[in-house]
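Here is the file my_file.cif (mmCIF, C-alpha atoms).
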```cif
data_model
#
loop_
_atom_site.label_atom_id
_atom_site.label_comp_id
_atom_site.auth_asym_id
_atom_site.auth_seq_id
_atom_site.Cartn_x
_atom_site.Cartn_y
_atom_site.Cartn_z
CA MET A 1 -94.44 -27.86 -41.72
CA THR A 2 -94.71 -25.55 -44.64
CA PHE A 3 -98.04 -23.85 -44.63
CA SER A 4 -97.88 -21.91 -47.79
CA ASP A 5 -95.02 -21.63 -50.09
CA LYS A 6 -95.61 -19.98 -53.34
CA PRO A 7 -93.27 -19.63 -56.28
CA THR A 8 -93.38 -16.22 -57.85
CA PHE A 9 -92.36 -15.99 -61.42
CA THR A 10 -89.31 -13.91 -60.64
CA GLY A 11 -87.83 -17.09 -59.23
CA LYS A 12 -88.16 -15.93 -55.65
CA ARG A 13 -90.23 -18.02 -53.34
CA VAL A 14 -92.48 -16.41 -50.81
CA VAL A 15 -92.47 -18.80 -47.89
CA LEU A 16 -94.97 -18.66 -45.08
CA ARG A 17 -94.28 -20.79 -42.08
CA PRO A 18 -96.87 -20.70 -39.35
CA ALA A 19 -96.51 -22.94 -36.34
CA GLY A 20 -97.20 -26.57 -36.94
CA PRO A 21 -99.44 -28.43 -34.51
CA GLU A 22 -96.36 -29.54 -32.60
CA HIS A 23 -95.68 -26.07 -31.28
CA ALA A 24 -99.01 -24.38 -31.73
CA ASP A 25 -99.32 -23.61 -28.04
CA GLY A 26 -95.68 -23.06 -27.22
CA PRO A 27 -94.51 -19.90 -25.51
CA TRP A 28 -93.25 -18.55 -28.82
CA GLU A 29 -96.64 -18.87 -30.38
CA ARG A 30 -98.46 -17.24 -27.48
CA LYS A 31 -96.09 -14.35 -27.37
CA SER A 32 -95.90 -13.89 -31.10
CA ASN A 33 -99.65 -13.69 -31.37
CA ASP A 34 -100.24 -11.41 -28.44
CA PRO A 35 -101.27 -8.11 -29.96
CA LYS A 36 -100.17 -6.32 -26.80
CA VAL A 37 -96.57 -7.32 -27.28
CA PRO A 38 -94.91 -5.03 -29.81
CA ARG A 39 -93.62 -6.96 -32.75
CA SER A 40 -90.13 -5.66 -32.23
CA ALA A 41 -90.20 -7.19 -28.74
CA ARG A 42 -91.29 -10.58 -29.96
CA PRO A 43 -88.85 -13.41 -30.29
CA SER A 44 -87.25 -13.64 -33.67
CA SER A 45 -85.79 -16.59 -35.49
CA ASP A 46 -82.30 -15.28 -34.84
CA PRO A 47 -80.15 -17.50 -32.70
CA PRO A 48 -79.77 -16.40 -29.07
CA GLY A 49 -77.15 -13.73 -28.61
CA HIS A 50 -77.99 -12.08 -31.92
CA PRO A 51 -80.66 -9.52 -31.15
CA ALA A 52 -82.97 -8.60 -33.98
CA PRO A 53 -81.91 -5.44 -35.76
CA ALA A 54 -83.72 -2.33 -34.60
CA ALA A 55 -86.79 -1.38 -36.61
CA PRO A 56 -85.87 1.16 -39.28
CA GLU A 57 -87.37 4.64 -39.21
CA TRP A 58 -90.91 4.77 -40.55
CA PRO A 59 -90.37 6.62 -43.88
CA ALA A 60 -87.64 4.16 -44.81
CA ALA A 61 -89.73 1.22 -43.63
CA ARG A 62 -92.75 2.50 -45.56
CA ALA A 63 -90.73 2.90 -48.75
CA SER A 64 -89.36 -0.60 -48.36
CA VAL A 65 -92.82 -2.12 -47.82
CA LEU A 66 -94.28 -0.24 -50.79
CA ARG A 67 -91.38 -1.31 -52.99
CA ASP A 68 -91.95 -4.96 -52.05
CA ALA A 69 -95.67 -4.62 -52.67
CA ALA A 70 -95.15 -3.07 -56.10
CA GLY A 71 -92.74 -5.84 -57.09
CA ILE A 72 -95.08 -8.60 -55.98
CA ALA A 73 -98.05 -6.92 -57.68
CA LEU A 74 -96.17 -6.64 -60.97
CA THR A 75 -95.09 -10.28 -60.93
CA SER A 76 -98.63 -11.35 -60.04
CA GLY A 77 -99.95 -9.31 -62.95
CA ALA A 78 -97.77 -11.25 -65.36
CA TYR A 79 -98.81 -14.53 -63.74
CA ALA A 80 -102.42 -13.36 -64.17
CA VAL A 81 -101.96 -13.17 -67.93
CA SER A 82 -101.35 -16.92 -68.01
CA CYS A 83 -104.33 -17.46 -65.69
CA GLY A 84 -106.63 -15.46 -67.97
CA ALA A 85 -105.38 -17.33 -71.04
CA ILE A 86 -105.90 -20.72 -69.36
CA CYS A 87 -109.43 -19.74 -68.29
CA THR A 88 -110.57 -18.77 -71.76
CA ALA A 89 -108.77 -21.73 -73.34
CA ALA A 90 -110.81 -23.89 -70.95
CA GLY A 91 -114.03 -22.49 -72.36
CA LEU A 92 -114.89 -19.61 -70.06
CA THR A 93 -115.97 -16.35 -71.66
CA ILE A 94 -113.94 -13.18 -71.18
CA LEU A 95 -116.60 -11.86 -68.82
CA GLN A 96 -116.54 -15.08 -66.76
CA THR A 97 -112.74 -14.95 -66.59
CA LEU A 98 -112.89 -11.35 -65.40
CA ALA A 99 -115.62 -12.20 -62.88
CA LEU A 100 -113.42 -14.99 -61.49
CA SER A 101 -110.47 -12.69 -60.96
CA LEU A 102 -112.58 -9.89 -59.42
CA LEU A 103 -114.85 -12.05 -57.26
CA MET A 104 -112.83 -15.17 -56.46
CA PHE A 105 -109.41 -13.50 -56.39
CA THR A 106 -107.34 -16.48 -55.31
CA GLY A 107 -105.13 -17.85 -58.07
CA ALA A 108 -104.94 -21.58 -57.42
CA SER A 109 -108.74 -21.81 -57.15
CA GLN A 110 -109.15 -19.95 -60.44
CA PHE A 111 -106.78 -22.36 -62.16
CA ALA A 112 -108.67 -25.26 -60.58
CA ILE A 113 -112.16 -24.30 -61.71
CA ALA A 114 -110.84 -23.55 -65.20
CA GLY A 115 -109.00 -26.88 -65.27
CA VAL A 116 -112.06 -28.94 -64.34
CA ILE A 117 -114.29 -27.10 -66.82
CA GLY A 118 -111.61 -27.40 -69.50
CA SER A 119 -111.36 -31.16 -69.05
CA GLY A 120 -115.10 -31.50 -69.61
CA GLY A 121 -116.07 -31.70 -65.97
CA ASN A 122 -119.23 -30.45 -64.35
CA PRO A 123 -118.68 -26.73 -63.56
CA LEU A 124 -120.15 -27.26 -60.10
CA ALA A 125 -117.58 -29.97 -59.38
CA GLY A 126 -114.98 -27.45 -60.47
CA ALA A 127 -116.52 -24.92 -58.10
CA ALA A 128 -116.28 -27.39 -55.22
CA VAL A 129 -112.60 -28.06 -55.95
CA ALA A 130 -111.94 -24.31 -56.13
CA VAL A 131 -113.65 -23.67 -52.78
CA LEU A 132 -111.72 -26.50 -51.10
CA LEU A 133 -108.46 -25.07 -52.41
CA GLY A 134 -109.53 -21.64 -51.15
CA SER A 135 -110.00 -22.99 -47.64
CA ARG A 136 -106.33 -22.33 -46.86
CA ASN A 137 -107.07 -18.59 -46.92
CA ALA A 138 -109.05 -19.08 -43.70
CA LEU A 139 -105.82 -19.98 -41.92
CA TYR A 140 -104.16 -16.87 -43.29
CA GLY A 141 -107.03 -14.90 -41.79
CA LEU A 142 -106.21 -16.43 -38.42
CA ARG A 143 -102.71 -14.96 -38.62
CA LEU A 144 -103.94 -11.61 -39.90
CA ALA A 145 -106.94 -11.02 -37.63
CA SER A 146 -105.08 -9.55 -34.66
CA LEU A 147 -102.66 -7.61 -36.86
CA LEU A 148 -105.32 -5.95 -38.98
CA ASN A 149 -107.87 -5.56 -36.19
CA VAL A 150 -110.63 -4.56 -38.60
CA ARG A 151 -114.40 -4.37 -38.10
CA GLY A 152 -117.45 -3.94 -40.28
CA ALA A 153 -116.98 -2.71 -43.83
CA ARG A 154 -113.19 -2.63 -43.56
CA LYS A 155 -113.23 -6.26 -42.48
CA ALA A 156 -115.47 -7.21 -45.40
CA LEU A 157 -113.02 -5.45 -47.71
CA ALA A 158 -109.91 -6.86 -46.03
CA ALA A 159 -111.28 -10.41 -46.30
CA GLN A 160 -111.31 -10.29 -50.09
CA LEU A 161 -107.62 -9.34 -50.07
CA VAL A 162 -106.55 -12.29 -47.86
CA ILE A 163 -104.37 -14.32 -50.22
CA ASP A 164 -100.94 -15.97 -50.17
CA GLU A 165 -99.01 -12.87 -51.17
CA SER A 166 -100.73 -10.27 -48.99
CA THR A 167 -100.31 -12.55 -45.97
CA ALA A 168 -96.66 -13.16 -46.75
CA MET A 169 -96.03 -9.42 -47.07
CA ALA A 170 -97.88 -8.67 -43.80
CA VAL A 171 -96.50 -11.18 -41.32
CA GLY A 172 -92.93 -11.01 -40.16
CA ARG A 173 -92.55 -7.26 -40.51
CA ASP A 174 -90.65 -5.37 -37.82
CA THR A 175 -93.64 -3.34 -36.71
CA GLU A 176 -97.39 -3.88 -36.80
CA ARG A 177 -97.74 -0.63 -38.73
CA ALA A 178 -95.46 -1.96 -41.47
CA GLY A 179 -97.33 -5.27 -41.41
CA ARG A 180 -100.67 -3.57 -41.93
CA LEU A 181 -99.28 -1.43 -44.72
CA GLY A 182 -97.77 -4.55 -46.28
CA PHE A 183 -101.15 -6.26 -46.27
CA TRP A 184 -103.14 -3.38 -47.72
CA ALA A 185 -100.55 -2.22 -50.27
CA THR A 186 -99.89 -5.75 -51.52
CA GLY A 187 -103.57 -6.70 -51.50
CA VAL A 188 -104.80 -3.63 -53.37
CA GLY A 189 -101.85 -3.61 -55.79
CA ILE A 190 -102.30 -7.27 -56.69
CA TYR A 191 -106.07 -6.90 -56.94
CA ALA A 192 -105.68 -4.19 -59.59
CA LEU A 193 -102.93 -5.87 -61.62
CA TRP A 194 -104.33 -9.38 -61.19
CA SER A 195 -107.62 -8.33 -62.77
CA LEU A 196 -105.88 -6.40 -65.54
CA GLY A 197 -103.58 -9.35 -66.27
CA ASN A 198 -106.50 -11.78 -66.39
CA LEU A 199 -108.33 -9.51 -68.82
CA LEU A 200 -105.27 -9.21 -71.07
CA GLY A 201 -104.72 -12.98 -70.98
CA ALA A 202 -108.37 -13.65 -71.80
CA LEU A 203 -108.28 -11.20 -74.71
CA GLY A 204 -104.95 -12.58 -75.93
CA ALA A 205 -106.20 -16.17 -75.90
CA GLN A 206 -109.07 -15.15 -78.20
CA VAL A 207 -106.70 -14.47 -81.07
CA LEU A 208 -104.83 -17.76 -80.63
CA PRO A 209 -105.67 -20.74 -82.82
CA ASP A 210 -106.70 -24.12 -81.38
CA PRO A 211 -105.36 -24.13 -77.81
CA GLU A 212 -104.59 -27.85 -77.99
CA VAL A 213 -102.20 -27.44 -80.93
CA LEU A 214 -100.32 -24.94 -78.79
CA GLY A 215 -100.15 -27.38 -75.87
CA MET A 216 -102.28 -25.07 -73.72
CA ASP A 217 -104.04 -28.07 -72.16
CA VAL A 218 -100.85 -28.86 -70.23
CA ALA A 219 -100.51 -25.28 -68.93
CA ALA A 220 -102.89 -25.83 -66.01
CA PRO A 221 -101.28 -29.09 -64.79
CA ALA A 222 -97.84 -27.46 -65.09
CA ALA A 223 -99.10 -24.49 -63.08
CA PHE A 224 -100.47 -26.87 -60.43
CA LEU A 225 -97.13 -28.65 -60.34
CA ALA A 226 -95.28 -25.38 -59.76
CA LEU A 227 -97.67 -24.58 -56.91
CA LEU A 228 -97.30 -28.07 -55.46
CA ALA A 229 -93.50 -28.45 -55.69
CA PRO A 230 -92.52 -26.20 -52.76
CA ARG A 231 -94.91 -28.11 -50.47
CA MET A 232 -93.14 -31.42 -51.07
CA ARG A 233 -90.28 -31.08 -48.62
CA ALA A 234 -91.50 -33.66 -46.13
CA GLY A 235 -92.74 -37.24 -46.20
CA ARG A 236 -96.37 -36.62 -45.41
CA PRO A 237 -97.11 -34.43 -48.42
CA TRP A 238 -95.68 -37.16 -50.64
CA VAL A 239 -97.98 -39.78 -49.11
CA ALA A 240 -100.95 -37.43 -49.52
CA ALA A 241 -100.01 -36.49 -53.09
CA LEU A 242 -99.49 -40.07 -54.29
CA LEU A 243 -102.65 -41.28 -52.55
CA ALA A 244 -104.67 -38.44 -54.09
CA ALA A 245 -103.28 -38.99 -57.58
CA ALA A 246 -103.92 -42.75 -57.40
CA THR A 247 -107.46 -42.23 -56.10
CA ALA A 248 -108.28 -39.71 -58.82
CA LEU A 249 -106.90 -41.89 -61.62
CA LEU A 250 -108.68 -45.01 -60.36
CA ALA A 251 -111.96 -43.11 -60.08
CA ALA A 252 -111.67 -41.24 -63.39
CA PRO A 253 -113.03 -44.06 -65.60
CA VAL A 254 -116.18 -44.46 -63.52
CA LEU A 255 -117.03 -41.03 -62.08
CA PRO A 256 -118.01 -37.82 -63.89
CA ALA A 257 -115.05 -35.46 -64.58
CA GLY A 258 -114.18 -33.30 -61.60
CA VAL A 259 -115.67 -35.71 -59.07
CA PRO A 260 -112.52 -37.90 -58.83
CA VAL A 261 -110.65 -34.82 -57.56
CA LEU A 262 -113.27 -34.33 -54.85
CA LEU A 263 -113.00 -38.00 -53.91
CA ALA A 264 -109.22 -37.63 -53.66
CA ALA A 265 -109.73 -34.62 -51.37
CA LEU A 266 -111.98 -36.72 -49.16
CA VAL A 267 -109.40 -39.52 -48.96
CA VAL A 268 -106.64 -37.04 -48.08
CA GLY A 269 -108.89 -35.45 -45.45
CA VAL A 270 -109.41 -38.86 -43.82
CA LEU A 271 -105.66 -39.54 -44.06
CA ALA A 272 -104.94 -36.24 -42.31
CA LEU A 273 -107.25 -37.19 -39.45
CA LEU A 274 -105.74 -40.65 -39.10
CA LEU A 275 -102.12 -39.52 -39.02
CA PRO A 276 -100.56 -39.06 -35.61
CA SER A 277 -100.58 -35.42 -34.64
CA LYS A 278 -96.90 -35.04 -33.97
CA ALA A 279 -94.58 -34.39 -36.85
CA THR A 280 -91.60 -36.71 -36.73
CA GLY A 281 -88.05 -35.75 -36.01
CA PRO A 282 -86.43 -32.48 -35.05
CA ARG A 283 -86.02 -29.91 -37.72
CA PRO A 284 -83.43 -27.18 -38.15
CA ALA A 285 -84.09 -23.96 -36.30
CA PRO A 286 -85.34 -21.82 -39.20
CA GLU A 287 -88.01 -24.40 -39.92
CA ASN A 288 -89.29 -23.98 -36.42
CA ALA A 289 -89.68 -20.26 -36.74
CA PRO A 290 -93.36 -19.65 -37.21
CA ASP A 291 -94.50 -16.44 -38.75
CA SER A 292 -91.28 -16.03 -40.65
CA VAL A 293 -91.40 -14.87 -44.20
CA GLU A 294 -88.33 -15.44 -46.18
CA GLU A 295 -87.37 -15.02 -49.76
CA ALA A 296 -85.30 -17.96 -50.84
CA SER A 297 -84.06 -18.22 -54.34
CA MET B 1 -124.15 -23.43 -65.64
CA ILE B 2 -120.65 -21.96 -65.76
CA TRP B 3 -121.95 -18.68 -64.36
CA TYR B 4 -123.57 -20.49 -61.41
CA ALA B 5 -120.28 -22.27 -60.74
CA VAL B 6 -118.29 -19.02 -61.00
CA ILE B 7 -120.58 -17.20 -58.57
CA ALA B 8 -120.94 -20.11 -56.13
CA ALA B 9 -117.21 -20.78 -56.02
CA SER B 10 -116.43 -17.08 -55.59
CA VAL B 11 -118.87 -16.81 -52.69
CA GLY B 12 -117.41 -19.95 -51.13
CA CYS B 13 -113.85 -18.69 -51.43
CA TYR B 14 -114.85 -15.32 -49.97
CA LEU B 15 -116.60 -16.94 -47.01
CA PHE B 16 -113.44 -18.91 -46.16
CA LYS B 17 -111.42 -15.68 -46.25
CA LEU B 18 -113.97 -13.90 -44.07
CA ALA B 19 -114.19 -16.85 -41.68
CA GLY B 20 -110.45 -16.64 -41.08
CA LEU B 21 -110.81 -13.07 -39.86
CA SER B 22 -113.97 -13.84 -37.87
CA VAL B 23 -113.96 -17.33 -36.39
CA PRO B 24 -112.58 -17.67 -32.84
CA GLU B 25 -108.90 -18.60 -32.89
CA ARG B 26 -109.29 -21.91 -31.15
CA VAL B 27 -111.38 -23.33 -34.02
CA LEU B 28 -108.65 -22.69 -36.58
CA ARG B 29 -105.93 -23.66 -34.12
CA ASP B 30 -107.54 -27.04 -33.66
CA ASP B 31 -105.05 -29.77 -34.44
CA ARG B 32 -107.35 -31.61 -36.86
CA THR B 33 -108.15 -28.39 -38.74
CA ARG B 34 -104.45 -27.71 -39.14
CA ARG B 35 -103.60 -31.19 -40.34
CA ILE B 36 -106.37 -31.13 -42.93
CA ALA B 37 -105.42 -27.62 -44.02
CA ALA B 38 -101.80 -28.69 -44.47
CA LEU B 39 -102.54 -31.74 -46.61
CA LEU B 40 -105.73 -30.78 -48.47
CA PRO B 41 -104.09 -28.40 -50.98
CA VAL B 42 -101.41 -31.03 -51.68
CA GLY B 43 -104.04 -33.69 -52.35
CA LEU B 44 -106.17 -31.41 -54.52
CA LEU B 45 -103.27 -30.16 -56.63
CA SER B 46 -101.91 -33.69 -57.05
CA ALA B 47 -105.33 -35.07 -58.09
CA LEU B 48 -105.82 -32.19 -60.54
CA ILE B 49 -102.39 -32.82 -62.09
CA ALA B 50 -103.08 -36.55 -62.39
CA THR B 51 -106.52 -36.23 -64.00
CA GLN B 52 -105.62 -33.39 -66.34
CA THR B 53 -102.40 -34.99 -67.53
CA PHE B 54 -103.24 -38.68 -67.68
CA THR B 55 -106.93 -38.87 -68.62
CA THR B 56 -108.94 -38.05 -71.72
CA GLY B 57 -112.63 -38.19 -70.99
CA HIS B 58 -113.03 -41.38 -69.00
CA HIS B 59 -109.89 -43.07 -70.28
CA ILE B 60 -106.40 -43.18 -68.90
CA ALA B 61 -104.13 -41.69 -71.56
CA LEU B 62 -100.39 -41.31 -71.90
CA ASP B 63 -99.68 -38.66 -74.53
CA ALA B 64 -97.77 -35.46 -75.24
CA ARG B 65 -99.15 -33.90 -72.04
CA ALA B 66 -97.18 -36.40 -69.93
CA ALA B 67 -93.99 -35.34 -71.72
CA GLY B 68 -94.87 -31.70 -71.11
CA LEU B 69 -95.36 -32.40 -67.41
CA GLY B 70 -92.05 -34.29 -67.32
CA ALA B 71 -90.35 -31.24 -68.83
CA ALA B 72 -92.01 -29.11 -66.13
CA VAL B 73 -90.57 -31.41 -63.44
CA ILE B 74 -87.10 -30.96 -64.90
CA ALA B 75 -87.59 -27.17 -65.04
CA LEU B 76 -88.63 -27.21 -61.38
CA LEU B 77 -85.57 -29.27 -60.43
CA PHE B 78 -83.52 -26.46 -61.97
CA ARG B 79 -85.51 -24.01 -59.82
CA ALA B 80 -87.03 -22.32 -62.83
CA PRO B 81 -89.55 -19.57 -62.07
CA PHE B 82 -93.28 -20.16 -62.41
CA LEU B 83 -93.84 -18.82 -65.93
CA VAL B 84 -90.80 -20.65 -67.28
CA VAL B 85 -92.12 -23.94 -65.87
CA VAL B 86 -95.46 -23.43 -67.60
CA ALA B 87 -93.83 -22.28 -70.84
CA VAL B 88 -91.50 -25.30 -70.92
CA ALA B 89 -94.42 -27.69 -70.45
CA VAL B 90 -96.56 -26.01 -73.11
CA THR B 91 -93.71 -25.79 -75.63
CA THR B 92 -92.71 -29.44 -75.13
CA THR B 93 -96.29 -30.64 -75.62
CA ALA B 94 -96.82 -28.42 -78.67
CA LEU B 95 -93.56 -29.55 -80.30
CA LEU B 96 -94.35 -33.23 -79.76
CA ARG B 97 -97.79 -32.74 -81.33
CA LEU B 98 -96.19 -30.90 -84.23
CA LEU B 99 -93.76 -33.78 -84.80
CA GLY B 100 -96.25 -36.55 -84.09
#
```
Give the structure from the file, written as structure tokens.
Amino acid sequence: MTFSDKPTFTGKRVVLRPAGPEHADGPWERKSNDPKVPRSARPSSDPPGHPAPAAPEWPAARASVLRDAAGIALTSGAYAVSCGAICTAAGLTILQTLALSLLMFTGASQFAIAGVIGSGGNPLAGAAVAVLLGSRNALYGLRLASLLNVRGARKALAAQLVIDESTAMAVGRDTERAGRLGFWATGVGIYALWSLGNLLGALGAQVLPDPEVLGMDVAAPAAFLALLAPRMRAGRPWVAALLAAATALLAAPVLPAGVPVLLAALVVGVLALLLPSKATGPRPAPENAPDSVEEAS
Amino acid sequence: MIWYAVIAASVGCYLFKLAGLSVPERVLRDDRTRRIAALLPVGLLSALIATQTFTTGHHIALDARAAGLGAAVIALLFRAPFLVVVAVAVTTTALLRLLG
């Protein structure tokens, strides 16, 4: 069960695989989430007989984490340029676009609210769609809580940085220290470049002529498609996706813009509750490795 | 109105992030929570794609956007990176409008 799987524009895919419900309480899961067990002592996805490589020395590990964080931040910054351009093409002001990237700071939700507003929908319906899409960050928090172990102001700050990329760069590190550094370095780096990229995109879109002539109205759906594609590796997502699309299209002629998407979300929520809890069929070993972050091309 | 939506949605998104770090584990580990969390983004993205590609106002429409989305699908099948997928879709739609 792929939990989050995000294409980065370098062509690498940051894949997050937490435990599915079928092994949520297995011994692996308990051990891997026990903060008292050092991460190096936790089971890895390596087959038995192949012990995990020893954790590298800290300066080397730190350099490696910071290098990863810088790379991800740079690619996110470029991705942010398209986000900023889509937002202003949808009718948001530059200030609103900047406010979205500083305050909301979760890409898919920003695309979503811009998309609903751009298609003439009620902005509040767009807000509801954005918040529902942002709900997945709560499950990232679950994985990060014991690793970060933050309280008070630091927790309030850390929460804003909980996104796909910072989670992916934090979990699955050899040591907790490297995981924490991965979270903070990636989160802060992306926050800075994401906002800058959004601002540049918003400013750039101002000088463009009619966005529709340029085909900009298909940019948001194409972006959604790229975000959706890596999640479609099993049967259930296909059922959910087709049901949602059919619901939204059937409702579009009769409901105000934006509302059909919320209705589709409701239908998919009901579907998720009705489905049997166990995923069908055995899957290859790497798929069963929760907490593993991999970069697949 | 847009400002209200921007602020409300930002607060909502932040509260979900904060909840993840704050709520007791068993709530988020609940089987139903997990199933909804796995399928909800898929449903939302799919519904957004459908409405923004195939409707104009309150009408179902099949136009240059559909071709752009089709080009994006092909780009994804070739494992093109994110920005290339978007660029291919935009360029296809723009070219068709230019020709049509």
* Closest to chain A among B:Val42, B:Leu62, B:Val27, B:Leu77, using only C-alpha atoms? ->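 Among B:Val42, B:Leu62, B:Val27, B:Leu77, it is B:Val42 that comes nearest to chain A.
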Interface rows for stretch 60-98 of chain B against stretch 77-96 of chain A: nearest pair, Å to one decimal, 10 Å, all atoms listed in the file, as a Markdown table:
```
| residue | atom | partner | partner_atom | distance |
| --- | --- | --- | --- | --- |
| B:Phe82 | CA | A:Tyr79 | CA | 8.0 |
| B:Leu83 | CA | A:Tyr79 | CA | 6.9 |
| B:Val86 | CA | A:Ser82 | CA | 8.8 |
| B:Ala87 | CA | A:Ser82 | CA | 9.7 |
```
* Please, which residues are within 12 Å of (-119.7, -13.6, -52.6) by the file's coordinates, counting all atoms listed in the file, and could they come as a PyMOL selection string? -> (chain A and resi 99-100+102-105+131+156-157+159-160) or (chain B and resi 4-18)
Could you save the residues just selected, with C-alpha atoms, as an mmCIF file, in the frame of the given file?
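Once everything was written out, this is result32.cif:
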```
data_model
loop_
_atom_site.group_PDB
_atom_site.id
_atom_site.type_symbol
_atom_site.label_atom_id
_atom_site.label_comp_id
_atom_site.auth_asym_id
_atom_site.auth_seq_id
_atom_site.Cartn_x
_atom_site.Cartn_y
_atom_site.Cartn_z
ATOM 1 C CA ALA A 99 -115.620 -12.200 -62.880
ATOM 2 C CA LEU A 100 -113.420 -14.990 -61.490
ATOM 3 C CA LEU A 102 -112.580 -9.890 -59.420
ATOM 4 C CA LEU A 103 -114.850 -12.050 -57.260
ATOM 5 C CA MET A 104 -112.830 -15.170 -56.460
ATOM 6 C CA PHE A 105 -109.410 -13.500 -56.390
ATOM 7 C CA VAL A 131 -113.650 -23.670 -52.780
ATOM 8 C CA ALA A 156 -115.470 -7.210 -45.400
ATOM 9 C CA LEU A 157 -113.020 -5.450 -47.710
ATOM 10 C CA ALA A 159 -111.280 -10.410 -46.300
ATOM 11 C CA GLN A 160 -111.310 -10.290 -50.090
ATOM 12 C CA TYR B 4 -123.570 -20.490 -61.410
ATOM 13 C CA ALA B 5 -120.280 -22.270 -60.740
ATOM 14 C CA VAL B 6 -118.290 -19.020 -61.000
ATOM 15 C CA ILE B 7 -120.580 -17.200 -58.570
ATOM 16 C CA ALA B 8 -120.940 -20.110 -56.130
ATOM 17 C CA ALA B 9 -117.210 -20.780 -56.020
ATOM 18 C CA SER B 10 -116.430 -17.080 -55.590
ATOM 19 C CA VAL B 11 -118.870 -16.810 -52.690
ATOM 20 C CA GLY B 12 -117.410 -19.950 -51.130
ATOM 21 C CA CYS B 13 -113.850 -18.690 -51.430
ATOM 22 C CA TYR B 14 -114.850 -15.320 -49.970
ATOM 23 C CA LEU B 15 -116.600 -16.940 -47.010
ATOM 24 C CA PHE B 16 -113.440 -18.910 -46.160
ATOM 25 C CA LYS B 17 -111.420 -15.680 -46.250
ATOM 26 C CA LEU B 18 -113.970 -13.900 -44.070
#
```
* To do: Could you tell me which residues the PyMOL selection byres ((chain A and resi 258-267) around 8) returns for this structure, as an MDAnalysis selection string?
  => (chainID A and resid 116 121:122 125:126 128:129 243:245 247:249 251:252 255:257 268:271) or (chainID B and resid 40 43:44 47:48 51)
* From A:Ser135, A:Trp194, A:Ala178, A:Met216, residue lying nearest B:Ile36 [all atoms listed in the file] ->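 The shortest atom-to-atom distance to B:Ile36 comes from A:Ser135.
The spacing separating atom CA of B:Leu21 from atom CA of A:Ala73 amounts to 22.8 Å.
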* To do: Measure the distance from atom CA of A:Leu225 to atom CA of B:Val88 in Å and round it to one decimal.
  =>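 Answer for the atom CA of A:Leu225 to atom CA of B:Val88 separation: 12.4 Å.
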* For the structure shown, which residues end up in the PyMOL selection byres ((chain A and resi 143) around 9)? Put them as a ChimeraX atom specification, please? => /A:18,33,139-142,144-147,167,171,291 /B:20-21
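The coordinates place atom CA of B:Ala89 at 8.0 Å from atom CA of B:Arg65.
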